[in-house]
Amino acid sequence: MPIHAVVYASHVAAELPAERLDALVQDAARFNVIAGVTGLLLFDGERFLQYLEGPDDGLRAAYGRVLIASSHFDIVQLARGLIGSRLAPYWSMTMVGTPRRDLGTIAVADWNSFVRRGSSVKPTAMDHLVRIMDRHRQDECRAG
Ligand SMILES: Cc1cc2nc3c(=O)[nH]c(=O)nc-3n(C[C@H](O)[C@H](O)[C@H](O)COP(=O)(O)O)c2cc1C
């Protein structure tokens, strides 16, 4: 089954207490399980950057919910297209606290066709994202 992916960045709505943010992520994860969608949500306290992957119909449904959510605004789609295989199969949705500078770097990096260069010299956006995924996965495994 072809796997599609989408990435966007957005700004958090002014009033979003931690409990509401947790509830939002849990709600997202519940829907994503049904839709066959996996991915992660980076958050720096001000901005989101979310990576979603899954079958075309499921991804459309989940992303549709994202686009109408009032908890954020100024949604900018950074990339959308087919990817070879899932990069984040472990997470129906997980939120990763990300330093402001790192999120900014990823948002403006090269998202062209989800290319990964695998080099630390001129990393693409996907290189940055995969590094964050690897680190998050290691932290989770360490925490048990
Ligand atoms: C930053 C962000 C990420 C979200 N991610 C997903 C998602 O991955 N899948 C999904 O089905 N809904 C997602 N949603 C929708 C939320 O789970 C929730 O249904 C929605 O935020 C509730 O509406 P409200 O923001 O207007 O209160 C997301 C919403 C936001 C703001």
# chains A, B, ... in the order shown; residues from 1 in each chain; ligands from 1

call {"tool": "closest_atom_pairs", "arguments": {"of": "chain A", "to": "ligand 1", "cutoff": "8 Å", "atoms": "only C-alpha atoms and all ligand atoms", "output": "tab-separated table"}}
result
residue	atom	partner	partner_atom_place_in_ligand_line	distance
A:Ser10	CA	ligand 1	1 (C)	7.2
A:Val12	CA	ligand 1	31 (C)	7.2
A:Ala23	CA	ligand 1	17 (O)	7.8
A:Leu24	CA	ligand 1	17 (O)	4.5
A:Val25	CA	ligand 1	17 (O)	5.7
A:Gln26	CA	ligand 1	17 (O)	7.0
A:Asp27	CA	ligand 1	17 (O)	4.5
A:Ala28	CA	ligand 1	17 (O)	3.6
A:Ala29	CA	ligand 1	9 (N)	6.3
A:Arg30	CA	ligand 1	11 (O)	7.5
A:Phe31	CA	ligand 1	11 (O)	4.7
A:Asn32	CA	ligand 1	9 (N)	5.4
A:Val37	CA	ligand 1	8 (O)	7.6
A:Thr38	CA	ligand 1	8 (O)	7.7
A:Gly39	CA	ligand 1	8 (O)	7.2
A:Leu40	CA	ligand 1	8 (O)	7.7
A:Leu41	CA	ligand 1	3 (C)	6.8
A:Phe48	CA	ligand 1	1 (C)	5.8
A:Leu49	CA	ligand 1	1 (C)	7.6
A:Gln50	CA	ligand 1	3 (C)	6.8
A:Leu52	CA	ligand 1	8 (O)	6.6
A:Ala61	CA	ligand 1	11 (O)	7.0
A:Ala62	CA	ligand 1	11 (O)	4.0
A:Tyr63	CA	ligand 1	9 (N)	6.4
A:Gly64	CA	ligand 1	11 (O)	7.7
A:Arg65	CA	ligand 1	12 (N)	4.9
A:Val66	CA	ligand 1	14 (N)	4.3
A:Leu67	CA	ligand 1	29 (C)	7.6
A:Ile68	CA	ligand 1	26 (O)	6.7
A:Ala69	CA	ligand 1	25 (O)	3.7
A:Ser70	CA	ligand 1	26 (O)	3.6
A:Ser71	CA	ligand 1	25 (O)	3.7
A:His72	CA	ligand 1	31 (C)	5.0
A:Ser92	CA	ligand 1	8 (O)	7.8
A:Met93	CA	ligand 1	8 (O)	6.1

call {"tool": "residues_around", "arguments": {"residues": "Gly54 (chain A)", "least_positions_apart": "6", "cutoff": "6 Å", "atoms": "only C-alpha atoms", "output": "PDB file with N, CA and C atoms, in the first residue's frame"}}
result
ATOM      1  N   ILE A   3       2.390   4.689   0.840  1.00  0.00           N
ATOM      2  CA  ILE A   3       2.350   5.520   2.052  1.00  0.00           C
ATOM      3  C   ILE A   3       2.622   6.972   1.664  1.00  0.00           C
ATOM      4  N   HIS A   4       1.704   7.828   2.066  1.00  0.00           N
ATOM      5  CA  HIS A   4       1.826   9.264   1.803  1.00  0.00           C
ATOM      6  C   HIS A   4       2.242   9.957   3.105  1.00  0.00           C
ATOM      7  N   GLY A  36      -4.974   4.568  10.450  1.00  0.00           N
ATOM      8  CA  GLY A  36      -3.707   3.957  10.013  1.00  0.00           C
ATOM      9  C   GLY A  36      -2.595   4.975   9.849  1.00  0.00           C
ATOM     10  N   VAL A  37      -2.714   6.077  10.578  1.00  0.00           N
ATOM     11  CA  VAL A  37      -1.732   7.170  10.458  1.00  0.00           C
ATOM     12  C   VAL A  37      -0.745   7.117  11.624  1.00  0.00           C
TER      13      VAL A  37
END

call {"tool": "closest_residue", "arguments": {"among": "A:Val76, A:Leu59, A:Glu15, A:Val33", "to": "Glu46 (chain A)", "atoms": "only C-alpha atoms"}}
result
A:Glu15

call {"tool": "residues_around", "arguments": {"residues": "region 128-136 of chain A", "least_positions_apart": "2", "cutoff": "12 Å", "atoms": "only C-alpha atoms", "output": "ChimeraX atom specification"}}
result
/A:7,39-42,49-52,86-91,93-99,102-111,114-126,138-143

call {"tool": "closest_residue", "arguments": {"among": "A:Asp74, A:Asp56, A:Asp44, A:Asp22", "to": "Tyr8 (chain A)", "atoms": "only C-alpha atoms"}}
result
A:Asp74

call {"tool": "select_by_dssp", "arguments": {"residues": "region 34-127 of chain A", "states": "alpha helix (DSSP H)", "output": "ChimeraX atom specification"}}
result
/A:34-35,56-68,100-108,125-127

call {"tool": "atom_distance", "arguments": {"atom1": "CA of Ile83 (chain A)", "atom2": "CA of Arg100 (chain A)"}}
result
27.0 Å
